[in-house]
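These notes are about the structure you will find just below.
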Amino acid sequence: MEIKGIQKTSMIDYPGKMSAVIFVPKCTFRCCFCYNVDLVTGWEKLDTIDEREILNFLKGRKKWLDGVVITGGEPTGHKGLPGFLRKVKGLGYAVKVDTNGSNPYMLEDLIKEGLVDYIAMDIKGPKERYDEICRVKVNMKLIEMSIERIRNSGLGYEFRTTAAPGIITKDDITKIGEWIKGAKRYYIQQFFPRRTLDGKLQNSKPYKPEELEKMAEAAKPFFEKVEIRG
Ligand code: SF4
C-alpha cells in the first residue's frame with residue numbers, strides 16, 4: 001500500500017491504546033479545514049515508505065505498542081488496504097481506521113474480514129452542507145451507508161466533527177445530532193489554526209471552551225456519550 005508517513009508512537013489517536021499512526025495519501029474531498037494539505041493536494045511530491053519497512057518496525061515494537069491507526073488522506077480509497085491490514089493483524093495489532101465515509105464498500109469488506117477493530121468517521125456537517133464544507137459534490141447515499149454499516153458493525157466506533165470557526169455552528173451540531181442520533185460516541189474536535197486547505201481558515205480564532213461546551217450540550221440528547229476533544 002502507498003504509505004507516506006508514520007508517527008511512531010501516539011497516546012491519543014486510538015482510544016485506550018498506545019499506537020503507531022500510518023498516513024496514506026489522496027482524498028476525494030477537499031474539506032476547507034483539512035490540515036493534511038500535502039497528503040491531499042501535494043502527495044505526489046512526498047516520498048513513499050516501503051510497506052516492508054513499516055511492517056518490520058511494527059514487528060519490533062510489539063512490546064510497546066498495541067494498536068495501529070490508518071489515517072490520511074482517505075484510507076478507504078486504497079485497494080491495497082485489506083492486504084496491508086491482513087499483515088498488520090497477523091502481527092497481533094488492533095487496527096483503527098479513520099474515514100470520511102465515502103467508501104462503505106471498503107468498510108464492509110474490512111468489517112466482514114475482521115481487519116478493523118475501531119472506526120472513526122468524520123461527520124463533516126449537517127447533510128445539506130456537505131458539498132459546501134467538503135468543497136466537492138458528495139454522494140450522500142454512500143455517507144449514509146457508511147454511517148449505518150459502522151453503527152451495526154458491533155465494533156468500537158466514533159463519529160466526530162471538527163468545530164471549524166465560522167463554518168460549524170451550534171445549530172449545525174443539533175442538526176447532526178438529529179441526523180445520526182443514537183450513535184454510541186460523538187466527539188466535537190477543537191480546530192487548531194495551522195495550515196489548512198482553505199488558507200482563509202488558518203488564522204481563524206478557534207471557538208472558546210465555553211462555546212464548545214454549548215455545542216456539546218446541544219449534542220448530548222442525541223448520543224450515549226459526547227466529548228470535546230482538543
Ligand atoms: S479532512 Fe477532508 S480533505 Fe482532509 S483528508 Fe479528511 S476528508 Fe480528506
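Note on naming: chains are A, B, ... as they come in the C-alpha cells, residues start from 1 per chain, ligands start from 1 in the order shown.
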Neighbours of Asp50 in chain A within 9 Å (only C-alpha atoms; same-chain residues fewer than 6 positions away dropped), as a PDB file with N, CA and C atoms, in the first residue's frame?
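Ended up saving to out.pdb:
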```pdb
ATOM      1  N   MET A   1       0.836  -1.186   0.000  1.00  0.00           N
ATOM      2  CA  MET A   1       0.000   0.000   0.000  1.00  0.00           C
ATOM      3  C   MET A   1       0.882   1.251   0.000  1.00  0.00           C
ATOM      4  N   GLU A   2       0.361   2.295  -0.597  1.00  0.00           N
ATOM      5  CA  GLU A   2       1.117   3.549  -0.676  1.00  0.00           C
ATOM      6  C   GLU A   2       1.088   4.257   0.681  1.00  0.00           C
ATOM      7  N   ILE A   3       2.242   4.342   1.324  1.00  0.00           N
ATOM      8  CA  ILE A   3       2.318   4.962   2.659  1.00  0.00           C
ATOM      9  C   ILE A   3       3.263   6.155   2.582  1.00  0.00           C
TER      10      ILE A   3
END
```
Next item on the list: Quick one: pick out all helix (DSSP H, G or I) residues within range 98-141 of chain A from a backbone DSSP run and write them as JSON, numbers by chain.
Entry: {"A": [104, 105, 106, 107, 108, 109, 110, 111, 112, 127, 128, 129, 130, 131, 132, 133, 134, 140, 141]}
Could you save the residues just selected, with N, CA, C and O atoms, as an mmCIF file, in the first residue's frame?
```cif
data_model
loop_
_atom_site.group_PDB
_atom_site.id
_atom_site.type_symbol
_atom_site.label_atom_id
_atom_site.label_comp_id
_atom_site.auth_asym_id
_atom_site.auth_seq_id
_atom_site.Cartn_x
_atom_site.Cartn_y
_atom_site.Cartn_z
ATOM 1 N N PRO A 104 -18.266 2.987 1.621
ATOM 2 C CA PRO A 104 -18.855 1.981 2.513
ATOM 3 C C PRO A 104 -18.529 0.554 2.094
ATOM 4 O O PRO A 104 -18.534 -0.350 2.926
ATOM 5 N N TYR A 105 -18.232 0.370 0.795
ATOM 6 C CA TYR A 105 -17.943 -0.992 0.316
ATOM 7 C C TYR A 105 -16.618 -1.495 0.898
ATOM 8 O O TYR A 105 -16.500 -2.653 1.302
ATOM 9 N N MET A 106 -15.641 -0.610 0.944
ATOM 10 C CA MET A 106 -14.362 -0.990 1.563
ATOM 11 C C MET A 106 -14.567 -1.238 3.065
ATOM 12 O O MET A 106 -14.042 -2.220 3.615
ATOM 13 N N LEU A 107 -15.342 -0.378 3.713
ATOM 14 C CA LEU A 107 -15.587 -0.585 5.154
ATOM 15 C C LEU A 107 -16.234 -1.946 5.374
ATOM 16 O O LEU A 107 -15.866 -2.689 6.292
ATOM 17 N N GLU A 108 -17.197 -2.257 4.517
ATOM 18 C CA GLU A 108 -17.897 -3.550 4.616
ATOM 19 C C GLU A 108 -16.893 -4.707 4.530
ATOM 20 O O GLU A 108 -16.931 -5.637 5.335
ATOM 21 N N ASP A 109 -16.000 -4.630 3.557
ATOM 22 C CA ASP A 109 -15.002 -5.701 3.383
ATOM 23 C C ASP A 109 -14.111 -5.826 4.623
ATOM 24 O O ASP A 109 -13.838 -6.930 5.094
ATOM 25 N N LEU A 110 -13.667 -4.684 5.147
ATOM 26 C CA LEU A 110 -12.771 -4.716 6.322
ATOM 27 C C LEU A 110 -13.493 -5.307 7.532
ATOM 28 O O LEU A 110 -12.936 -6.111 8.282
ATOM 29 N N ILE A 111 -14.749 -4.900 7.704
ATOM 30 C CA ILE A 111 -15.528 -5.389 8.864
ATOM 31 C C ILE A 111 -15.761 -6.896 8.733
ATOM 32 O O ILE A 111 -15.509 -7.657 9.660
ATOM 33 N N LYS A 112 -16.209 -7.304 7.546
ATOM 34 C CA LYS A 112 -16.521 -8.732 7.327
ATOM 35 C C LYS A 112 -15.318 -9.618 7.558
ATOM 36 O O LYS A 112 -15.426 -10.702 8.114
ATOM 37 N N LYS A 127 -26.145 17.133 6.792
ATOM 38 C CA LYS A 127 -26.024 16.539 5.461
ATOM 39 C C LYS A 127 -26.240 17.537 4.332
ATOM 40 O O LYS A 127 -25.622 17.436 3.286
ATOM 41 N N GLU A 128 -27.074 18.542 4.575
ATOM 42 C CA GLU A 128 -27.334 19.506 3.497
ATOM 43 C C GLU A 128 -26.151 20.463 3.274
ATOM 44 O O GLU A 128 -26.125 21.201 2.299
ATOM 45 N N ARG A 129 -25.146 20.425 4.158
ATOM 46 C CA ARG A 129 -23.998 21.327 3.985
ATOM 47 C C ARG A 129 -22.728 20.600 3.527
ATOM 48 O O ARG A 129 -21.657 21.199 3.462
ATOM 49 N N TYR A 130 -22.837 19.297 3.257
ATOM 50 C CA TYR A 130 -21.635 18.532 2.911
ATOM 51 C C TYR A 130 -20.871 19.115 1.714
ATOM 52 O O TYR A 130 -19.660 19.282 1.766
ATOM 53 N N ASP A 131 -21.572 19.404 0.624
ATOM 54 C CA ASP A 131 -20.867 19.886 -0.580
ATOM 55 C C ASP A 131 -20.116 21.181 -0.291
ATOM 56 O O ASP A 131 -18.979 21.371 -0.728
ATOM 57 N N GLU A 132 -20.776 22.040 0.467
ATOM 58 C CA GLU A 132 -20.187 23.349 0.781
ATOM 59 C C GLU A 132 -18.930 23.179 1.663
ATOM 60 O O GLU A 132 -17.906 23.818 1.427
ATOM 61 N N ILE A 133 -19.013 22.292 2.653
ATOM 62 C CA ILE A 133 -17.893 22.117 3.583
ATOM 63 C C ILE A 133 -16.764 21.301 2.947
ATOM 64 O O ILE A 133 -15.592 21.627 3.089
ATOM 65 N N CYS A 134 -17.149 20.261 2.216
ATOM 66 C CA CYS A 134 -16.126 19.359 1.636
ATOM 67 C C CYS A 134 -15.623 19.859 0.286
ATOM 68 O O CYS A 134 -14.682 19.286 -0.277
ATOM 69 N N MET A 140 -24.160 11.535 -0.912
ATOM 70 C CA MET A 140 -24.620 11.356 0.464
ATOM 71 C C MET A 140 -25.162 9.951 0.721
ATOM 72 O O MET A 140 -25.218 9.510 1.866
ATOM 73 N N LYS A 141 -25.542 9.270 -0.358
ATOM 74 C CA LYS A 141 -26.006 7.894 -0.189
ATOM 75 C C LYS A 141 -24.869 7.025 0.386
ATOM 76 O O LYS A 141 -25.076 6.196 1.272
#
```
Next item on the list: Work out how far apart CA of Thr9 in chain A and CA of Arg86 in chain A are and give it in Å to one decimal.
Entry: 20.9 Å
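Around ligand 1, the neighbouring residues within 8 Å, taking only C-alpha atoms and all ligand atoms, come to Lys26, Cys27, Thr28, Phe29, Arg30, Cys31, Cys32, Phe33, Cys34, Tyr35, Asn36, Val37, Leu39, Val40, Gly72, Gly73, Glu74, Thr99, Asn100, Asp122, Cys134 and Leu197 of chain A.
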Which parts of range 34-203 of chain A does DSSP call strand (DSSP E or B) when run on the backbone here, written out as a compact mmCIF listing (two decimals) with N, CA and C atoms, in the first residue's frame?
```
# COMPACT_ATOMS: atom_id res chain seq x y z
N ILE A 49 7.01 5.34 1.66
CA ILE A 49 7.77 4.46 2.56
C ILE A 49 7.44 3.02 2.20
N GLY A 67 -1.69 -0.86 19.16
CA GLY A 67 -2.63 -0.51 18.11
C GLY A 67 -1.95 0.16 16.92
N VAL A 68 -2.61 0.08 15.77
CA VAL A 68 -2.15 0.77 14.56
C VAL A 68 -3.33 1.57 14.01
N VAL A 69 -3.08 2.83 13.74
CA VAL A 69 -4.12 3.71 13.19
C VAL A 69 -3.77 3.99 11.73
N ILE A 70 -4.76 3.81 10.85
CA ILE A 70 -4.55 4.15 9.44
C ILE A 70 -5.35 5.40 9.17
N THR A 71 -4.65 6.45 8.75
CA THR A 71 -5.32 7.72 8.52
C THR A 71 -4.79 8.34 7.23
N ALA A 94 -4.23 -4.41 17.15
CA ALA A 94 -5.58 -3.90 16.95
C ALA A 94 -5.49 -2.76 15.92
N VAL A 95 -6.50 -2.64 15.09
CA VAL A 95 -6.45 -1.66 14.00
C VAL A 95 -7.60 -0.67 14.10
N LYS A 96 -7.26 0.59 13.98
CA LYS A 96 -8.28 1.65 13.88
C LYS A 96 -8.15 2.29 12.50
N VAL A 97 -9.28 2.51 11.85
CA VAL A 97 -9.28 3.18 10.55
C VAL A 97 -10.04 4.49 10.68
N ASP A 98 -9.43 5.58 10.22
CA ASP A 98 -10.11 6.88 10.15
C ASP A 98 -10.69 7.03 8.75
N THR A 99 -11.90 7.52 8.65
CA THR A 99 -12.51 7.63 7.32
C THR A 99 -13.45 8.81 7.22
N TYR A 118 -11.73 -0.76 15.25
CA TYR A 118 -12.31 0.52 15.68
C TYR A 118 -12.36 1.44 14.46
N ILE A 119 -13.50 2.11 14.28
CA ILE A 119 -13.63 3.01 13.12
C ILE A 119 -13.99 4.40 13.63
N ALA A 120 -13.28 5.40 13.14
CA ALA A 120 -13.61 6.80 13.45
C ALA A 120 -14.04 7.46 12.15
N MET A 121 -15.29 7.89 12.11
CA MET A 121 -15.78 8.54 10.88
C MET A 121 -16.08 10.01 11.13
N ASP A 122 -15.56 10.83 10.25
CA ASP A 122 -15.86 12.27 10.31
C ASP A 122 -17.29 12.52 9.85
N GLY A 156 -15.98 -1.13 18.08
CA GLY A 156 -15.85 0.18 18.68
C GLY A 156 -15.89 1.21 17.56
N TYR A 157 -16.56 2.32 17.80
CA TYR A 157 -16.58 3.36 16.76
C TYR A 157 -16.85 4.72 17.37
N GLU A 158 -16.56 5.73 16.58
CA GLU A 158 -16.93 7.09 16.98
C GLU A 158 -17.26 7.89 15.73
N PHE A 159 -18.15 8.87 15.90
CA PHE A 159 -18.36 9.89 14.89
C PHE A 159 -17.80 11.18 15.46
N ARG A 160 -17.33 12.06 14.59
CA ARG A 160 -16.68 13.27 15.11
C ARG A 160 -16.79 14.42 14.12
N THR A 161 -16.85 15.58 14.68
CA THR A 161 -16.99 16.79 13.85
C THR A 161 -15.95 17.80 14.30
N THR A 162 -15.26 18.40 13.34
CA THR A 162 -14.32 19.48 13.68
C THR A 162 -15.09 20.79 13.77
N ALA A 163 -14.95 21.43 14.92
CA ALA A 163 -15.67 22.68 15.15
C ALA A 163 -14.90 23.84 14.51
N ARG A 185 -20.72 7.07 20.42
CA ARG A 185 -19.80 8.14 20.84
C ARG A 185 -19.75 9.23 19.80
N TYR A 186 -19.82 10.45 20.27
CA TYR A 186 -19.70 11.59 19.36
C TYR A 186 -18.70 12.58 19.95
N TYR A 187 -17.73 12.94 19.15
CA TYR A 187 -16.70 13.89 19.59
C TYR A 187 -16.82 15.19 18.82
N ILE A 188 -16.71 16.28 19.55
CA ILE A 188 -16.57 17.60 18.91
C ILE A 188 -15.09 17.96 19.03
N GLN A 189 -14.45 18.12 17.89
CA GLN A 189 -12.99 18.34 17.91
C GLN A 189 -12.67 19.82 17.77
N GLN A 190 -11.82 20.29 18.66
CA GLN A 190 -11.38 21.68 18.56
C GLN A 190 -10.59 21.87 17.27
```
Next item on the list: Find, counting only C-alpha atoms, the residue in A:Gly182, A:Pro126, A:Gly177, A:Gly101 that gets nearest to Ala216 in chain A.
Entry: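 Closest to Ala216 in chain A of all the choices is A:Gly177.
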